[in-house]
>>> print(open('data_1.tsv').read())   # TSV, C-alpha atoms
chain	number	residue	atom	x	y	z
A	128	MET	CA	4.70	-0.45	26.71
A	129	ILE	CA	2.61	-0.48	23.52
A	130	GLN	CA	-1.05	-1.47	23.66
A	131	ALA	CA	-3.34	-1.61	20.65
A	132	SER	CA	-6.89	-2.57	19.79
A	133	ILE	CA	-9.13	-2.42	16.73
A	134	GLY	CA	-12.82	-1.80	16.16
A	135	ILE	CA	-14.81	-2.71	13.05
A	136	SER	CA	-18.30	-1.36	12.43
A	137	THR	CA	-20.73	-1.97	9.59
A	138	GLU	CA	-23.36	0.43	10.95
A	139	SER	CA	-24.97	2.40	8.13
A	140	ASN	CA	-25.35	5.53	10.27
A	141	ALA	CA	-22.00	7.34	10.35
A	142	ALA	CA	-22.27	8.66	13.91
A	143	ARG	CA	-23.30	5.26	15.25
A	144	ALA	CA	-20.47	3.59	13.30
A	145	GLY	CA	-17.93	5.89	14.93
A	146	LEU	CA	-19.36	5.24	18.37
A	147	ASP	CA	-19.48	1.47	17.80
A	148	ALA	CA	-15.87	1.18	16.57
A	149	ALA	CA	-14.48	3.50	19.26
A	150	ARG	CA	-16.20	1.55	22.04
A	151	GLN	CA	-14.65	-1.67	20.71
A	152	VAL	CA	-11.21	-0.03	20.76
A	153	VAL	CA	-11.59	1.21	24.34
A	154	GLU	CA	-12.88	-2.16	25.47
A	155	GLY	CA	-9.91	-3.88	23.80
A	156	LEU	CA	-7.61	-1.56	25.75
A	157	GLY	CA	-9.13	-2.68	29.03
A	158	GLY	CA	-11.24	0.44	29.38
A	159	GLU	CA	-8.35	2.82	28.75
A	160	GLN	CA	-8.42	5.54	26.09
A	161	PRO	CA	-6.00	5.40	23.13
A	162	ASP	CA	-3.45	8.14	22.59
A	163	TRP	CA	-4.17	8.17	18.84
A	164	CYS	CA	-6.23	6.35	16.23
A	165	VAL	CA	-6.00	5.37	12.57
A	166	ALA	CA	-9.31	5.12	10.71
A	167	PHE	CA	-10.20	3.78	7.28
A	168	VAL	CA	-13.71	4.67	6.11
A	169	THR	CA	-15.71	3.48	3.11
A	170	PRO	CA	-17.26	6.11	0.78
A	171	GLU	CA	-20.78	5.40	2.09
A	172	HIS	CA	-19.82	7.46	5.15
A	173	HIS	CA	-18.43	10.44	3.21
A	174	ALA	CA	-21.50	12.61	3.73
A	175	GLY	CA	-21.55	11.83	7.46
A	176	LEU	CA	-17.78	11.86	8.00
A	177	GLU	CA	-17.83	14.90	10.30
A	178	ALA	CA	-20.35	13.18	12.59
A	179	LEU	CA	-18.38	9.93	12.44
A	180	LEU	CA	-15.15	11.61	13.51
A	181	HIS	CA	-16.95	13.51	16.26
A	182	SER	CA	-18.25	10.19	17.61
A	183	VAL	CA	-14.82	8.58	17.42
A	184	THR	CA	-13.00	11.42	19.18
A	185	GLY	CA	-15.67	11.66	21.87
A	186	ALA	CA	-15.91	7.94	22.62
A	187	ALA	CA	-12.18	7.22	22.23
A	188	GLY	CA	-11.15	10.32	24.17
A	189	THR	CA	-8.49	11.50	21.72
A	190	PRO	CA	-8.51	14.25	19.06
A	191	TYR	CA	-5.70	12.51	17.20
A	192	VAL	CA	-7.59	10.53	14.57
A	193	VAL	CA	-6.09	10.28	11.08
A	194	GLY	CA	-6.93	8.25	7.99
A	195	CYS	CA	-8.54	8.16	4.57
A	196	SER	CA	-11.27	6.72	2.39
A	197	ALA	CA	-11.15	3.05	1.47
A	198	SER	CA	-13.10	1.00	-1.06
A	199	GLY	CA	-12.98	-1.84	1.47
A	200	ILE	CA	-11.74	-2.60	4.99
A	201	LEU	CA	-9.67	-5.50	6.36
A	202	GLY	CA	-9.60	-6.39	10.04
A	203	ALA	CA	-10.46	-9.00	12.65
A	204	GLY	CA	-9.97	-11.73	10.05
A	205	ARG	CA	-12.58	-10.20	7.72
A	206	GLU	CA	-12.63	-8.32	4.44
A	207	LEU	CA	-15.51	-5.89	3.91
A	208	GLU	CA	-15.65	-4.99	0.21
A	209	GLN	CA	-19.34	-4.11	-0.01
A	210	GLY	CA	-21.47	-1.70	2.00
A	211	PRO	CA	-20.60	0.82	4.71
A	212	ALA	CA	-17.68	0.00	6.99
A	213	LEU	CA	-15.31	1.69	9.41
A	214	GLY	CA	-12.03	0.23	10.64
A	215	LEU	CA	-10.39	1.84	13.64
A	216	LEU	CA	-6.99	1.15	15.24
A	217	GLY	CA	-6.32	2.68	18.64
A	218	VAL	CA	-2.83	2.75	20.20
A	219	ARG	CA	-1.79	3.62	23.73
A	220	SER	CA	1.92	3.86	24.57
A	221	ASP	CA	4.51	5.61	26.69
A	222	GLN	CA	7.29	4.82	24.20
A	223	LEU	CA	5.76	5.11	20.72
A	224	ARG	CA	5.05	8.67	19.54
A	225	ALA	CA	2.73	9.49	16.67
A	226	THR	CA	2.55	12.81	14.83
A	227	PRO	CA	-0.58	13.03	12.60
A	228	PHE	CA	-0.51	15.29	9.53
A	229	LEU	CA	-2.48	16.39	6.48
A	230	PHE	CA	-1.08	18.37	3.53
A	231	HIS	CA	-2.97	19.65	0.50
A	232	ASP	CA	-2.00	19.40	-3.15
A	233	GLU	CA	-0.92	22.76	-4.57
A	234	GLY	CA	-1.70	21.88	-8.18
A	235	ASP	CA	1.62	20.17	-8.93
A	236	GLN	CA	0.46	16.57	-8.30
A	237	GLY	CA	1.78	16.48	-4.76
A	238	MET	CA	5.37	17.67	-5.16
A	239	THR	CA	4.92	20.80	-3.02
A	240	ALA	CA	2.86	18.86	-0.48
A	241	SER	CA	5.58	16.24	-0.17
A	242	VAL	CA	8.34	18.84	0.25
A	243	ARG	CA	6.33	20.66	2.93
A	244	LEU	CA	5.65	17.38	4.68
A	245	GLY	CA	9.33	16.51	4.57
A	246	GLN	CA	10.26	19.91	5.94
A	247	ARG	CA	7.73	19.59	8.76
A	248	LEU	CA	9.14	16.20	9.73
A	249	VAL	CA	12.80	16.95	8.99
A	250	ASN	CA	13.77	15.85	12.50
A	251	SER	CA	13.11	12.28	11.37
A	252	ARG	CA	16.34	12.27	9.38
A	253	ASP	CA	19.01	9.97	10.82
A	254	THR	CA	16.53	8.42	13.27
A	255	ASP	CA	14.57	5.17	13.41
A	256	ASP	CA	11.33	7.00	12.59
A	257	LEU	CA	8.86	5.63	10.08
A	258	LEU	CA	6.31	7.51	7.96
A	259	LEU	CA	2.82	6.23	7.19
A	260	VAL	CA	1.14	7.97	4.23
A	261	TRP	CA	-2.27	7.82	2.57
A	262	PRO	CA	-2.27	10.07	-0.52
A	263	ASP	CA	-5.12	10.87	-2.89
A	264	PRO	CA	-3.81	9.14	-6.06
A	265	PHE	CA	-5.74	11.47	-8.39
A	266	HIS	CA	-3.99	14.63	-7.18
A	267	VAL	CA	-1.03	13.63	-4.99
A	268	ARG	CA	0.75	11.18	-7.25
A	269	PRO	CA	2.41	8.59	-5.00
A	270	ASP	CA	5.59	8.52	-7.10
A	271	ARG	CA	5.98	12.31	-6.83
A	272	LEU	CA	5.21	12.12	-3.13
A	273	LEU	CA	8.09	9.70	-2.66
A	274	GLN	CA	10.43	11.83	-4.77
A	275	GLY	CA	9.75	14.88	-2.62
A	276	LEU	CA	10.02	13.02	0.66
A	277	ASP	CA	13.27	11.32	-0.33
A	278	ALA	CA	14.76	14.65	-1.39
A	279	VAL	CA	14.05	16.24	2.01
A	280	GLN	CA	13.98	13.31	4.42
A	281	GLY	CA	16.73	11.10	3.06
A	282	GLU	CA	16.45	7.41	3.91
A	283	VAL	CA	13.45	7.55	6.25
A	284	PRO	CA	11.27	4.50	5.42
A	285	VAL	CA	7.80	5.26	4.07
A	286	VAL	CA	4.93	2.76	4.21
A	287	GLY	CA	1.29	3.13	3.23
A	288	GLY	CA	-1.32	2.97	0.53
A	289	ALA	CA	-3.08	5.37	-1.80
A	290	ALA	CA	-6.63	6.18	-0.71
A	291	SER	CA	-9.38	4.51	-2.71
A	292	ALA	CA	-13.06	4.96	-3.53
A	293	SER	CA	-15.86	2.94	-5.07
A	294	GLY	CA	-16.84	3.43	-8.70
A	295	ALA	CA	-15.18	5.00	-11.72
A	296	GLY	CA	-14.40	8.68	-11.27
A	297	ALA	CA	-15.20	8.70	-7.55
A	298	SER	CA	-13.02	10.98	-5.44
A	299	THR	CA	-11.13	9.96	-2.31
A	300	PHE	CA	-10.90	11.84	0.98
A	301	GLN	CA	-8.36	12.25	3.77
A	302	PHE	CA	-8.72	13.53	7.32
A	303	CYS	CA	-6.67	14.49	10.35
A	304	GLY	CA	-8.43	15.47	13.57
A	305	THR	CA	-11.40	17.62	12.56
A	306	GLU	CA	-9.94	18.57	9.15
A	307	ILE	CA	-11.50	16.72	6.21
A	308	SER	CA	-10.11	17.18	2.72
A	309	GLU	CA	-9.78	15.86	-0.80
A	310	ALA	CA	-6.69	16.20	-3.02
A	311	SER	CA	-4.33	15.77	-0.07
A	312	VAL	CA	-2.12	13.33	1.81
A	313	SER	CA	-2.69	12.29	5.40
A	314	GLY	CA	-0.62	10.09	7.64
A	315	LEU	CA	1.50	9.63	10.74
A	316	ARG	CA	5.11	9.88	11.76
A	317	LEU	CA	5.97	7.06	14.18
A	318	GLY	CA	8.90	7.77	16.47
A	319	GLY	CA	10.29	6.70	19.81
A	320	ARG	CA	11.28	3.23	20.92
A	321	PHE	CA	9.78	0.58	18.66
A	322	GLN	CA	10.69	-2.03	16.08
A	323	GLY	CA	9.07	-2.09	12.67
A	324	ALA	CA	9.05	-4.93	10.15
A	325	VAL	CA	7.74	-4.58	6.59
A	326	GLY	CA	6.81	-7.33	4.17
A	327	VAL	CA	5.61	-7.17	0.55
A	328	THR	CA	3.58	-9.88	-1.17
A	329	GLN	CA	3.02	-9.95	-4.92
A	330	GLY	CA	-0.23	-10.72	-6.71
A	331	CYS	CA	1.61	-11.64	-9.92
A	332	GLU	CA	3.98	-14.50	-10.72
A	333	PRO	CA	7.11	-14.06	-12.89
A	334	LEU	CA	7.12	-15.56	-16.37
A	335	GLY	CA	10.68	-16.54	-17.16
A	336	GLN	CA	14.01	-14.91	-16.42
A	337	PRO	CA	14.89	-11.19	-16.60
A	338	LEU	CA	15.38	-9.44	-19.93
A	339	ARG	CA	17.38	-6.27	-20.62
A	340	VAL	CA	15.80	-3.19	-22.22
A	341	THR	CA	18.14	-2.38	-25.10
A	342	ARG	CA	16.07	0.42	-26.66
A	343	SER	CA	13.35	2.58	-25.11
A	344	SER	CA	11.68	5.98	-25.26
A	345	GLU	CA	9.82	7.43	-22.26
A	346	ASN	CA	7.38	4.64	-21.28
A	347	MET	CA	7.84	2.63	-24.50
A	348	ILE	CA	9.93	-0.51	-24.65
A	349	LEU	CA	11.25	-0.79	-28.21
A	350	GLU	CA	13.75	-3.65	-27.84
A	351	LEU	CA	14.45	-6.38	-25.30
A	352	ASP	CA	17.83	-8.01	-25.69
A	353	GLY	CA	17.83	-6.66	-29.26
A	354	ARG	CA	14.46	-8.25	-30.10
A	355	PRO	CA	10.88	-6.94	-30.43
A	356	PRO	CA	9.33	-6.89	-26.92
A	357	PHE	CA	5.98	-8.24	-28.09
A	358	ALA	CA	7.69	-11.37	-29.43
A	359	ALA	CA	9.30	-11.95	-26.02
A	360	LEU	CA	5.94	-11.45	-24.28
A	361	LYS	CA	4.22	-13.88	-26.64
A	362	GLU	CA	6.86	-16.54	-25.96
A	363	ARG	CA	6.33	-16.29	-22.19
A	364	ALA	CA	2.56	-15.80	-22.01
A	365	PRO	CA	0.44	-18.86	-21.19
A	366	ALA	CA	-1.07	-20.52	-24.24
A	367	GLY	CA	-4.10	-18.72	-25.63
A	368	LEU	CA	-3.88	-15.71	-23.33
A	369	LEU	CA	-2.98	-13.31	-26.14
A	370	GLU	CA	-5.53	-14.55	-28.67
A	371	ASP	CA	-7.71	-11.66	-27.51
A	372	LEU	CA	-5.06	-9.02	-26.87
A	373	ASP	CA	-7.23	-6.51	-24.98
A	374	TRP	CA	-8.53	-9.25	-22.67
A	375	GLY	CA	-5.10	-10.84	-22.18
A	376	LEU	CA	-3.49	-7.59	-21.05
A	377	ASN	CA	-5.77	-7.63	-18.00
A	378	PHE	CA	-3.60	-10.50	-16.73
A	379	LEU	CA	-0.13	-9.75	-18.13
A	380	PHE	CA	2.27	-7.15	-16.76
A	381	VAL	CA	5.86	-5.94	-16.78
A	382	GLY	CA	7.91	-6.17	-13.60
A	383	LEU	CA	10.75	-3.69	-13.08
A	384	LEU	CA	13.67	-5.11	-11.13
A	385	PRO	CA	15.26	-2.77	-8.56
A	386	ASP	CA	18.80	-3.39	-9.81
A	387	PRO	CA	19.41	-2.78	-13.55
A	388	GLU	CA	22.12	-5.45	-13.46
A	389	GLU	CA	19.80	-8.09	-11.99
A	390	THR	CA	19.99	-11.51	-13.67
A	391	GLU	CA	17.80	-13.45	-11.24
A	392	VAL	CA	14.33	-12.72	-9.85
A	393	ARG	CA	14.25	-12.59	-6.07
A	394	PRO	CA	10.83	-13.52	-4.60
A	395	GLY	CA	8.66	-10.43	-4.28
A	396	GLU	CA	11.40	-7.99	-5.29
A	397	TYR	CA	10.02	-6.33	-8.41
A	398	LEU	CA	7.63	-3.48	-9.26
A	399	VAL	CA	4.61	-4.52	-11.30
A	400	ARG	CA	3.46	-2.08	-14.00
A	401	ASN	CA	0.52	-2.28	-16.41
A	402	ILE	CA	1.07	-2.87	-20.12
A	403	ILE	CA	-0.88	-0.01	-21.68
A	404	THR	CA	-0.25	-0.86	-25.33
A	405	ALA	CA	1.07	-3.91	-27.14
A	406	ASP	CA	1.55	-3.58	-30.90
A	407	PRO	CA	2.07	-6.92	-32.69
A	408	ASP	CA	3.03	-5.13	-35.93
A	409	THR	CA	5.89	-2.99	-34.55
A	410	GLY	CA	6.61	-5.26	-31.58
A	411	MET	CA	6.47	-2.24	-29.22
A	412	LEU	CA	5.14	-2.29	-25.64
A	413	ALA	CA	4.10	0.78	-23.64
A	414	ILE	CA	3.82	0.51	-19.86
A	415	SER	CA	2.51	2.71	-17.03
A	416	SER	CA	5.98	3.92	-16.03
A	417	ARG	CA	9.05	5.44	-17.60
A	418	VAL	CA	11.61	2.79	-18.52
A	419	GLU	CA	15.31	3.35	-19.13
A	420	GLU	CA	17.66	1.56	-21.47
A	421	GLY	CA	19.65	-1.01	-19.51
A	422	GLN	CA	16.73	-1.70	-17.15
A	423	SER	CA	16.14	-5.37	-16.27
A	424	ILE	CA	12.51	-6.44	-16.51
A	425	ILE	CA	10.38	-9.54	-16.30
A	426	PHE	CA	6.94	-10.41	-17.59
A	427	ALA	CA	4.41	-11.43	-14.97
A	428	ARG	CA	0.91	-12.88	-14.79
A	429	ARG	CA	-1.82	-12.02	-12.30
A	430	GLU	CA	-2.86	-15.35	-10.80
A	431	PRO	CA	-4.66	-16.26	-7.54
A	432	GLY	CA	-2.69	-19.42	-6.73
A	433	SER	CA	0.65	-17.66	-6.86
A	434	ALA	CA	-0.77	-14.75	-4.83
A	435	ARG	CA	-1.75	-17.13	-2.03
A	436	GLY	CA	1.63	-18.80	-2.11
A	437	ASP	CA	3.52	-15.52	-2.09
A	438	LEU	CA	1.57	-14.23	0.92
A	439	LEU	CA	2.53	-17.39	2.81
A	440	ARG	CA	6.15	-16.85	1.73
A	441	MET	CA	6.08	-13.29	3.05
A	442	LEU	CA	4.62	-14.38	6.39
A	443	GLU	CA	7.36	-16.98	6.76
A	444	GLU	CA	10.14	-14.54	5.86
A	445	ILE	CA	9.09	-11.43	7.74
A	446	PRO	CA	11.61	-10.78	10.52
A	447	ALA	CA	10.77	-12.06	13.97
A	448	PRO	CA	10.94	-9.52	16.81
A	449	SER	CA	13.63	-9.91	19.45
A	450	ALA	CA	13.14	-12.56	22.13
A	451	ASP	CA	11.81	-10.16	24.79
A	452	ARG	CA	9.49	-8.28	22.43
A	453	ARG	CA	6.54	-9.28	20.29
A	454	TYR	CA	4.44	-7.55	17.68
A	455	LYS	CA	1.77	-5.31	19.20
A	456	PHE	CA	-0.20	-4.27	16.12
A	457	GLY	CA	-0.12	-4.30	12.35
A	458	LEU	CA	-1.35	-2.38	9.32
A	459	TYR	CA	-1.99	-4.05	5.97
A	460	PHE	CA	-2.30	-2.23	2.66
A	461	ASN	CA	-3.89	-4.48	0.06
A	462	CYS	CA	-4.33	-3.64	-3.62
A	463	LEU	CA	-7.99	-3.23	-4.57
A	464	ALA	CA	-7.30	-5.64	-7.45
A	465	ARG	CA	-6.89	-8.39	-4.86
A	466	GLY	CA	-9.83	-9.58	-2.74
A	467	VAL	CA	-12.80	-11.12	-4.53
A	468	SER	CA	-11.71	-9.79	-7.93
A	469	LEU	CA	-8.52	-11.88	-7.72
A	470	TYR	CA	-9.55	-14.95	-5.74
A	471	ASP	CA	-13.23	-15.18	-6.72
A	472	GLU	CA	-13.98	-15.57	-3.01
A	473	ALA	CA	-13.95	-13.22	-0.04
A	474	GLY	CA	-11.50	-12.99	2.81
A	475	VAL	CA	-8.52	-14.99	1.50
A	476	ASP	CA	-5.72	-12.62	2.50
A	477	SER	CA	-7.27	-11.67	5.84
A	478	ALA	CA	-7.82	-15.32	6.75
A	479	LEU	CA	-4.18	-16.18	6.03
A	480	LEU	CA	-3.00	-13.18	8.05
A	481	ALA	CA	-5.27	-14.06	10.99
A	482	ARG	CA	-4.08	-17.67	10.93
A	483	ALA	CA	-0.44	-16.59	11.08
A	484	MET	CA	-1.03	-13.90	13.75
A	485	PRO	CA	-4.25	-14.89	15.53
A	486	ASP	CA	-4.07	-12.46	18.45
A	487	LEU	CA	-2.58	-9.45	16.68
A	488	PRO	CA	-4.69	-6.27	16.27
A	489	LEU	CA	-4.43	-5.85	12.51
A	490	LEU	CA	-6.20	-3.22	10.41
A	491	GLY	CA	-5.99	-2.57	6.68
A	492	PHE	CA	-7.76	-1.33	3.60
A	493	PHE	CA	-7.95	-1.90	-0.14
A	494	CYS	CA	-5.64	0.65	-1.82
A	495	SER	CA	-5.19	2.23	-5.22
A	496	ALA	CA	-1.42	1.63	-4.88
A	497	GLU	CA	0.95	0.49	-2.16
A	498	ILE	CA	4.14	2.04	-0.74
A	499	ALA	CA	7.04	0.31	1.03
A	500	PRO	CA	10.85	0.24	1.13
A	501	LEU	CA	12.65	-2.20	-1.13
A	502	ARG	CA	16.39	-2.68	-0.61
A	503	GLY	CA	16.58	0.59	1.30
A	504	ALA	CA	14.67	2.72	-1.24
A	505	ASN	CA	11.03	3.74	-0.93
A	506	GLN	CA	9.04	2.35	-3.86
A	507	LEU	CA	5.58	2.47	-5.38
A	508	PHE	CA	3.99	-0.97	-5.73
A	509	THR	CA	0.85	-2.20	-7.48
A	510	TYR	CA	-1.09	-5.48	-7.22
A	511	THR	CA	0.63	-6.16	-3.89
A	512	GLY	CA	-0.06	-6.40	-0.20
A	513	VAL	CA	2.20	-4.42	2.17
A	514	LEU	CA	2.32	-5.51	5.80
A	515	LEU	CA	3.72	-3.34	8.60
A	516	LEU	CA	4.22	-4.96	12.03
A	517	VAL	CA	5.16	-2.90	15.08
A	518	ALA	CA	6.86	-4.32	18.17
A	519	GLU	CA	8.15	-2.75	21.37
>>> encode(input="data_1.tsv", output="C-alpha cells")
Amino acid sequence: MIQASIGISTESNAARAGLDAARQVVEGLGGEQPDWCVAFVTPEHHAGLEALLHSVTGAAGTPYVVGCSASGILGAGRELEQGPALGLLGVRSDQLRATPFLFHDEGDQGMTASVRLGQRLVNSRDTDDLLLVWPDPFHVRPDRLLQGLDAVQGEVPVVGGAASASGAGASTFQFCGTEISEASVSGLRLGGRFQGAVGVTQGCEPLGQPLRVTRSSENMILELDGRPPFAALKERAPAGLLEDLDWGLNFLFVGLLPDPEETEVRPGEYLVRNIITADPDTGMLAISSRVEEGQSIIFARREPGSARGDLLRMLEEIPAPSADRRYKFGLYFNCLARGVSLYDEAGVDSALLARAMPDLPLLGFFCSAEIAPLRGANQLFTYTGVLLLVAE
C-alpha cells in the first residue's frame, strides 16, 4: 500500500512553518507518521532552515526529509509565488522504498557529483527504479548531471527540476536530513513495487515545420536548409515581433527535435532553447546549447494560450494506471517562467491539475530547468512543466 499527504504552510516563522506543514501531513495520513518526506522551501526560510527541518522531522516522526529551495510552491490547487512558503509531501508505504541523497559539486560543474551519485545507486541499473533530482543550476549543471548519471546508471529514468531562488544572483540550497548545502544535488531513488508515469507540457508553440541545420559551429547556427537562419526566423515570427529584436527574443526560441531525421513535430516532443544572439546582417543565430549539423529544429513562440492547451493535452495523454491501481501522489516541476509571468494571472497550471486530479496529493515548485525522459533518453527541458504520477 502507498499512502501520501501534503502540507502547505505560509507561516513566516521557519520553525512554525515546519510544524504546521508536518501536522497537515500526519493528519492527512490518518494520524500515522510518514516514512519519508519531500520538502520545497522558499528563500525566505533560508536563514531558519535548520529550525524548519528540526520541526518537520520532530512533528512528522521521520529523519528522512529531502528537498531544495524554490522561488515558488505549487500544491493543494494553489501557486505561491510571493512570500514565505513551505510545501511538504509525506509518503508511507510497505512497497515503495525511497533512498534520499545529497552530493556536493567538486568544482567541475557537477560531473564528479553525478558519477558518485550513479556509483552509489548503481543497483538501480536494470530495475524499475526512478531517480528524482534537484540540482543547484549554478554549480551542478543539469546537462552534466545527466551525462554522468547516464554513463554510470544506463537507462534509469531521471525526473526533477533545478533548484531556484528569488532575485538575480541569489543562490539556491539543497538539504537531506540534517545536512544543508549549496552547490550540490539532492534527491531520492524510488524503488520497490510501484508504477510511474511522466508527462511533459510545453510553454511554447511551434512555428512551422522542422528545418535542418546545414552549417553550424558550437552553439551557432550558420545555415538552415542552406539559407541564413535569421531569414527563416523572420518568415515564421508573428508580424511585428522582430521590429524590436531584443524585445522579440524574449518570446522566440529554437526547439531541438530528439531525432535528427525528424520531419514532423510531435506534440510536446522538443527541447526549447533560448536564442542568445540574432544577427540580421550575417543571418547567424546563437542559442543556449551546442547544435550539430544535420540536427532538425523548429522555431517556437512563448504564448499563454498554447501553454494552457498543451497542459490539457498532456493530462489527456498521460498513461492511466492499471484497473486495480490508481495514482497515489504526484510531483510537478514547473518552469519559473510560467506562472504569473506567462499567464498574467496566478494559479493557472495548478488549477488545471487540481481539476483533472481533484483528490491527488500533488506537490511541486517553480524550477530553473526541468528534467524528464523523452523517448527513453533523459533530457533537460526549459519553459515546461514535468508531471510525475506514482501508482501502486
>>> residues_around(input="data_1.tsv", residues="Gly503 of chain A", least_positions_apart="4", cutoff="10 Å", atoms="only C-alpha atoms", output="ChimeraX atom specification")
/A:282-284,499
>>> write_last_selection(input="data_1.tsv", atoms="C-alpha atoms", output="mmCIF file, in the coordinates of the input")
data_model
loop_
_atom_site.group_PDB
_atom_site.id
_atom_site.type_symbol
_atom_site.label_atom_id
_atom_site.label_comp_id
_atom_site.auth_asym_id
_atom_site.auth_seq_id
_atom_site.Cartn_x
_atom_site.Cartn_y
_atom_site.Cartn_z
ATOM 1 C CA GLU A 282 16.450 7.410 3.910
ATOM 2 C CA VAL A 283 13.450 7.550 6.250
ATOM 3 C CA PRO A 284 11.270 4.500 5.420
ATOM 4 C CA ALA A 499 7.040 0.310 1.030
#
>>> closest_atom_pairs(input="data_1.tsv", of="segment 257-325 of chain A", to="segment 153-164 of chain A", cutoff="12 Å", atoms="all atoms listed in the file", output="Markdown table")
| residue | atom | partner | partner_atom | distance |
| --- | --- | --- | --- | --- |
| A:Phe302 | CA | A:Cys164 | CA | 11.7 |
| A:Cys303 | CA | A:Cys164 | CA | 10.1 |
| A:Gly304 | CA | A:Cys164 | CA | 9.8 |
| A:Gly314 | CA | A:Cys164 | CA | 10.9 |
| A:Leu315 | CA | A:Trp163 | CA | 10.0 |
| A:Arg316 | CA | A:Trp163 | CA | 11.8 |
| A:Leu317 | CA | A:Trp163 | CA | 11.2 |
>>> write_last_selection(input="data_1.tsv", atoms="C-alpha atoms", output="PDB file, in the frame of the given file")
ATOM      1  CA  PHE A 302      -8.720  13.530   7.320  1.00  0.00           C
ATOM      2  CA  CYS A 303      -6.670  14.490  10.350  1.00  0.00           C
ATOM      3  CA  GLY A 304      -8.430  15.470  13.570  1.00  0.00           C
ATOM      4  CA  GLY A 314      -0.620  10.090   7.640  1.00  0.00           C
ATOM      5  CA  LEU A 315       1.500   9.630  10.740  1.00  0.00           C
ATOM      6  CA  ARG A 316       5.110   9.880  11.760  1.00  0.00           C
ATOM      7  CA  LEU A 317       5.970   7.060  14.180  1.00  0.00           C
TER       8      LEU A 317
END
>>> atom_distance(input="data_1.tsv", atom1="atom CA of Arg143 of chain A", atom2="atom CA of Thr169 of chain A")
14.4 Å
>>> residues_near_point(input="data_1.tsv", point="(8.7, 15.8, 6.9)", cutoff="10 Å", atoms="all atoms listed in the file", output="tab-separated table (two decimals) with C-alpha atoms, keeping the file's coordinate frame")
chain	number	residue	atom	x	y	z
A	228	PHE	CA	-0.51	15.29	9.53
A	240	ALA	CA	2.86	18.86	-0.48
A	241	SER	CA	5.58	16.24	-0.17
A	242	VAL	CA	8.34	18.84	0.25
A	243	ARG	CA	6.33	20.66	2.93
A	244	LEU	CA	5.65	17.38	4.68
A	245	GLY	CA	9.33	16.51	4.57
A	246	GLN	CA	10.26	19.91	5.94
A	247	ARG	CA	7.73	19.59	8.76
A	248	LEU	CA	9.14	16.20	9.73
A	249	VAL	CA	12.80	16.95	8.99
A	250	ASN	CA	13.77	15.85	12.50
A	251	SER	CA	13.11	12.28	11.37
A	252	ARG	CA	16.34	12.27	9.38
A	258	LEU	CA	6.31	7.51	7.96
A	275	GLY	CA	9.75	14.88	-2.62
A	276	LEU	CA	10.02	13.02	0.66
A	277	ASP	CA	13.27	11.32	-0.33
A	279	VAL	CA	14.05	16.24	2.01
A	280	GLN	CA	13.98	13.31	4.42
A	283	VAL	CA	13.45	7.55	6.25
A	316	ARG	CA	5.11	9.88	11.76
>>> closest_residue(input="data_1.tsv", among="A:Leu372, A:Glu345, A:Glu472, A:Leu383", to="Ala413 of chain A", atoms="only C-alpha atoms")
A:Glu345
>>> closest_residue(input="data_1.tsv", among="A:Thr390, A:Ser311, A:Gln336, A:Asn346", to="Ala359 of chain A", atoms="all atoms listed in the file")
A:Gln336
>>> atom_distance(input="data_1.tsv", atom1="atom CA of Val418 of chain A", atom2="atom CA of Val327 of chain A")
22.3 Å
>>> closest_residue(input="data_1.tsv", among="A:Val165, A:Ile129, A:Ala174, A:Ala405", to="Ile307 of chain A", atoms="all atoms listed in the file")
A:Ala174
>>> residues_around(input="data_1.tsv", residues="segment 202-212 of chain A", least_positions_apart="3", cutoff="6 Å", atoms="all atoms listed in the file", output="list in words")
Ser136, Thr137, Ser139, Thr169, Glu171, Gly199, Gly474, Ser477, Ala478, Ala481, Leu489 and Leu490 of chain A
>>> atom_distance(input="data_1.tsv", atom1="atom CA of Tyr191 of chain A", atom2="atom CA of Val267 of chain A")
22.7 Å
>>> decode(input="data_1.tsv", residues="segment 406-413 of chain A", atoms="N, CA, C and O atoms", output="PDB file, in the first residue's frame")
ATOM      1  N   ASP A 406      21.720  37.888 -35.585  1.00  0.00           N
ATOM      2  CA  ASP A 406      22.413  38.929 -36.355  1.00  0.00           C
ATOM      3  C   ASP A 406      21.760  39.071 -37.729  1.00  0.00           C
ATOM      4  O   ASP A 406      21.960  38.220 -38.607  1.00  0.00           O
ATOM      5  N   PRO A 407      20.991  40.128 -37.933  1.00  0.00           N
ATOM      6  CA  PRO A 407      20.327  40.297 -39.244  1.00  0.00           C
ATOM      7  C   PRO A 407      21.315  40.468 -40.394  1.00  0.00           C
ATOM      8  O   PRO A 407      20.993  40.128 -41.541  1.00  0.00           O
ATOM      9  N   ASP A 408      22.516  40.990 -40.114  1.00  0.00           N
ATOM     10  CA  ASP A 408      23.483  41.247 -41.183  1.00  0.00           C
ATOM     11  C   ASP A 408      24.097  39.947 -41.709  1.00  0.00           C
ATOM     12  O   ASP A 408      24.167  39.730 -42.927  1.00  0.00           O
ATOM     13  N   THR A 409      24.543  39.080 -40.796  1.00  0.00           N
ATOM     14  CA  THR A 409      25.155  37.808 -41.223  1.00  0.00           C
ATOM     15  C   THR A 409      24.132  36.694 -41.342  1.00  0.00           C
ATOM     16  O   THR A 409      24.413  35.660 -41.968  1.00  0.00           O
ATOM     17  N   GLY A 410      22.959  36.885 -40.710  1.00  0.00           N
ATOM     18  CA  GLY A 410      21.929  35.849 -40.725  1.00  0.00           C
ATOM     19  C   GLY A 410      22.141  34.772 -39.687  1.00  0.00           C
ATOM     20  O   GLY A 410      21.384  33.796 -39.624  1.00  0.00           O
ATOM     21  N   MET A 411      23.161  34.904 -38.832  1.00  0.00           N
ATOM     22  CA  MET A 411      23.527  33.888 -37.850  1.00  0.00           C
ATOM     23  C   MET A 411      22.638  33.956 -36.616  1.00  0.00           C
ATOM     24  O   MET A 411      22.197  35.020 -36.199  1.00  0.00           O
ATOM     25  N   LEU A 412      22.373  32.770 -36.011  1.00  0.00           N
ATOM     26  CA  LEU A 412      21.714  32.674 -34.719  1.00  0.00           C
ATOM     27  C   LEU A 412      22.631  31.908 -33.770  1.00  0.00           C
ATOM     28  O   LEU A 412      23.253  30.912 -34.155  1.00  0.00           O
ATOM     29  N   ALA A 413      22.697  32.351 -32.530  1.00  0.00           N
ATOM     30  CA  ALA A 413      23.395  31.613 -31.477  1.00  0.00           C
ATOM     31  C   ALA A 413      22.380  31.243 -30.410  1.00  0.00           C
ATOM     32  O   ALA A 413      21.547  32.069 -30.022  1.00  0.00           O
TER      33      ALA A 413
END
